[in-house]
Amino acid sequence: MKVLLVEDEPKTAVFVKRGFTEEGHVVDVALDGPDGLHLALTGCYDIVILDVMLPKLDGWSVLAQIKLRLPLQPVILLSALDAVQHRVKGLDLGADDYLVKPFAFSELHARVRNALRRGPPREADLLRLADLDMDLARHRASRAGQLLDLAPQEYRLLEYLLRHAGEVLTRTRLAEQIWDINFDGDSNVVDVAVRRLRRKVDDPSEHKLIHTLRGVGYVLEARP
């Protein structure tokens with residue numbers, strides 16, 4: 001699961017990120033409203049956990065913009081505001097849940113599971129390009145009917161490439177999205193990962209799907 005946490009309180013941000021990371025999930029953190037909104041609209045998250053009282057742009061406004069652009073995006077609001085009218089406002093704006101601070105991580109995690117369980121999926125459970133298939137519900141990928149033995153990072157990389165098939169993805173973007181790091185031009189972490197993925201996805205097949213744009217990045221597409 002990929003989680004976006006929009007929270008300006010450092011202790012809360014560290015507490016929540018550590019909890020989800022220990023559960024094996026990928027967590028991005030934004031510290032203000034504009035950054036959170038940008039990530040929510042561009043980062044392809046399973047769920048957004050959004051504080052209400054944020055600098056620069058409050059959580060109400062961020063939530064409204066998310067639901068306008070991505071109406072099926074699950075969002076849980078966090079807030080110290082515990083009055084009924086605040087909870088009602090959040091739910092009326094489209095939040096899937098509203099959790100009052102302070103809270104136990106176990107409760108937040110349970111509410112996330114519940115929101116994802118009852119809400120409609122944002123995307124199909126199956127991603128496909130040519131003879132390459134990725135079954136998100138069963139967490140497996142195959143090429144021409146043969147299962148691919150992918151390490152966790154390879155799986156995330158392939159999923160991201162499939163979700164953005166036909167789109168040129170720079171090394172910087174891949175580093176930020178898959179490894180949550182700032183890309184250093186001297187680093188070859190992205191190239192090494194793509195090379196390993198190619199061995200499993202493309203090498204056994206005559207038709208290559210992962211293509212390099214020299215000096216730019218990579219694109220996943222079926223070419224004649």
# chains A, B, ... in the order shown; residues from 1 in each chain; ligands from 1
>>> residues_around(residues="A:Ala130", least_positions_apart="5", cutoff="10 Å", atoms="only C-alpha atoms", output="list in words")
Arg143, Ala144, His207, Leu209, Glu221, Ala222 and Arg223 of chain A
>>> write_last_selection(atoms="all heavy atoms", output="short mmCIF file (atom, residue, chain, number, x, y, z; two decimals), in the first residue's frame")
data_model
loop_
_atom_site.label_atom_id
_atom_site.label_comp_id
_atom_site.auth_asym_id
_atom_site.auth_seq_id
_atom_site.Cartn_x
_atom_site.Cartn_y
_atom_site.Cartn_z
N ARG A 143 4.25 -12.54 -17.69
CA ARG A 143 4.51 -12.19 -19.09
C ARG A 143 4.26 -13.42 -19.93
O ARG A 143 4.85 -14.47 -19.70
CB ARG A 143 5.95 -11.69 -19.27
CG ARG A 143 6.29 -11.29 -20.72
CD ARG A 143 6.10 -9.81 -20.93
NE ARG A 143 6.07 -9.48 -22.36
CZ ARG A 143 7.08 -8.95 -23.04
NH1 ARG A 143 8.21 -8.65 -22.41
NH2 ARG A 143 6.95 -8.67 -24.33
N ALA A 144 3.35 -13.28 -20.89
CA ALA A 144 2.96 -14.41 -21.76
C ALA A 144 2.54 -15.62 -20.93
O ALA A 144 2.82 -16.77 -21.27
CB ALA A 144 4.11 -14.78 -22.69
N HIS A 207 9.67 -9.46 -28.04
CA HIS A 207 9.13 -8.11 -28.09
C HIS A 207 9.45 -7.37 -26.79
O HIS A 207 8.97 -7.76 -25.72
CB HIS A 207 7.62 -8.13 -28.33
CG HIS A 207 7.24 -8.82 -29.61
ND1 HIS A 207 7.45 -8.25 -30.84
CD2 HIS A 207 6.69 -10.04 -29.84
CE1 HIS A 207 7.04 -9.09 -31.78
NE2 HIS A 207 6.57 -10.18 -31.20
N LEU A 209 9.43 -4.32 -24.06
CA LEU A 209 8.46 -3.33 -23.58
C LEU A 209 9.10 -2.15 -22.86
O LEU A 209 8.56 -1.06 -22.85
CB LEU A 209 7.44 -4.00 -22.65
CG LEU A 209 6.56 -5.10 -23.27
CD1 LEU A 209 5.66 -5.72 -22.20
CD2 LEU A 209 5.73 -4.55 -24.42
N GLU A 221 6.19 0.68 -23.22
CA GLU A 221 5.20 0.71 -24.30
C GLU A 221 5.47 -0.45 -25.25
O GLU A 221 6.60 -0.95 -25.37
CB GLU A 221 5.22 2.03 -25.05
CG GLU A 221 6.51 2.36 -25.76
CD GLU A 221 6.47 3.73 -26.43
OE1 GLU A 221 5.46 4.44 -26.29
OE2 GLU A 221 7.47 4.06 -27.10
N ALA A 222 4.41 -0.87 -25.93
CA ALA A 222 4.52 -1.92 -26.95
C ALA A 222 4.78 -1.25 -28.29
O ALA A 222 3.99 -0.42 -28.73
CB ALA A 222 3.24 -2.75 -26.99
N ARG A 223 5.90 -1.60 -28.90
CA ARG A 223 6.26 -1.03 -30.19
C ARG A 223 6.17 -2.08 -31.27
O ARG A 223 6.38 -3.26 -31.01
CB ARG A 223 7.68 -0.45 -30.13
CG ARG A 223 7.82 0.73 -29.17
CD ARG A 223 9.23 1.27 -29.14
NE ARG A 223 9.33 2.46 -28.27
CZ ARG A 223 10.46 3.08 -28.01
NH1 ARG A 223 11.60 2.66 -28.56
NH2 ARG A 223 10.48 4.14 -27.22
#
>>> select_by_dssp(residues="stretch 3-187 of chain A", states="alpha helix (DSSP H)", output="number ranges by chain")
A: 10-22, 33-42, 59-69, 84-92, 105-118, 152-163, 171-178
>>> closest_residue(among="A:Leu148, A:Gly166, A:Leu213, A:Glu154", to="A:Arg195", atoms="only C-alpha atoms")
A:Glu154
>>> closest_residue(among="A:Tyr45, A:Phe20, A:Trp60, A:Phe103", to="A:Tyr160", atoms="only C-alpha atoms")
A:Tyr45
>>> residues_around(residues="A:Glu23", least_positions_apart="6", cutoff="12 Å", atoms="only C-alpha atoms", output="list in words")
Met1, Lys2, Val3, Val16, Lys17, Phe105, Ser106 and His109 of chain A
>>> write_last_selection(atoms="N, CA, C and O atoms", output="PDB file, in the first residue's frame")
ATOM      1  N   MET A   1       0.842  -1.192   0.000  1.00  0.00           N
ATOM      2  CA  MET A   1       0.000   0.000   0.000  1.00  0.00           C
ATOM      3  C   MET A   1       0.876   1.241   0.000  1.00  0.00           C
ATOM      4  O   MET A   1       1.891   1.299   0.681  1.00  0.00           O
ATOM      5  N   LYS A   2       0.472   2.241  -0.777  1.00  0.00           N
ATOM      6  CA  LYS A   2       1.199   3.507  -0.818  1.00  0.00           C
ATOM      7  C   LYS A   2       0.339   4.575  -0.158  1.00  0.00           C
ATOM      8  O   LYS A   2      -0.798   4.824  -0.562  1.00  0.00           O
ATOM      9  N   VAL A   3       0.897   5.218   0.868  1.00  0.00           N
ATOM     10  CA  VAL A   3       0.161   6.155   1.708  1.00  0.00           C
ATOM     11  C   VAL A   3       0.742   7.554   1.554  1.00  0.00           C
ATOM     12  O   VAL A   3       1.964   7.732   1.549  1.00  0.00           O
ATOM     13  N   VAL A  16       3.191   8.396  12.681  1.00  0.00           N
ATOM     14  CA  VAL A  16       2.339   7.720  11.695  1.00  0.00           C
ATOM     15  C   VAL A  16       3.191   7.053  10.613  1.00  0.00           C
ATOM     16  O   VAL A  16       2.937   5.906  10.227  1.00  0.00           O
ATOM     17  N   LYS A  17       4.209   7.755  10.123  1.00  0.00           N
ATOM     18  CA  LYS A  17       5.052   7.167   9.076  1.00  0.00           C
ATOM     19  C   LYS A  17       5.737   5.909   9.582  1.00  0.00           C
ATOM     20  O   LYS A  17       5.795   4.890   8.872  1.00  0.00           O
ATOM     21  N   PHE A 105      -2.206   4.482  16.840  1.00  0.00           N
ATOM     22  CA  PHE A 105      -1.932   4.083  15.464  1.00  0.00           C
ATOM     23  C   PHE A 105      -2.784   2.886  15.058  1.00  0.00           C
ATOM     24  O   PHE A 105      -3.240   2.798  13.913  1.00  0.00           O
ATOM     25  N   SER A 106      -3.015   1.966  15.974  1.00  0.00           N
ATOM     26  CA  SER A 106      -3.812   0.780  15.638  1.00  0.00           C
ATOM     27  C   SER A 106      -5.205   1.164  15.160  1.00  0.00           C
ATOM     28  O   SER A 106      -5.763   0.535  14.255  1.00  0.00           O
ATOM     29  N   HIS A 109      -4.845   2.654  11.599  1.00  0.00           N
ATOM     30  CA  HIS A 109      -4.615   1.565  10.652  1.00  0.00           C
ATOM     31  C   HIS A 109      -5.904   0.809  10.365  1.00  0.00           C
ATOM     32  O   HIS A 109      -6.197   0.448   9.214  1.00  0.00           O
TER      33      HIS A 109
END
>>> closest_residue(among="A:Gln153, A:Ser205, A:Gln146, A:Ser79", to="A:Glu7", atoms="only C-alpha atoms")
A:Ser79
>>> select_by_dssp(residues="chain A", states="strand (DSSP E)", output="number ranges by chain")
A: 2-6, 26-30, 47-51, 75-79, 97-100, 126-129, 132-135, 140-143, 146-147, 169-170, 210-213, 217-220
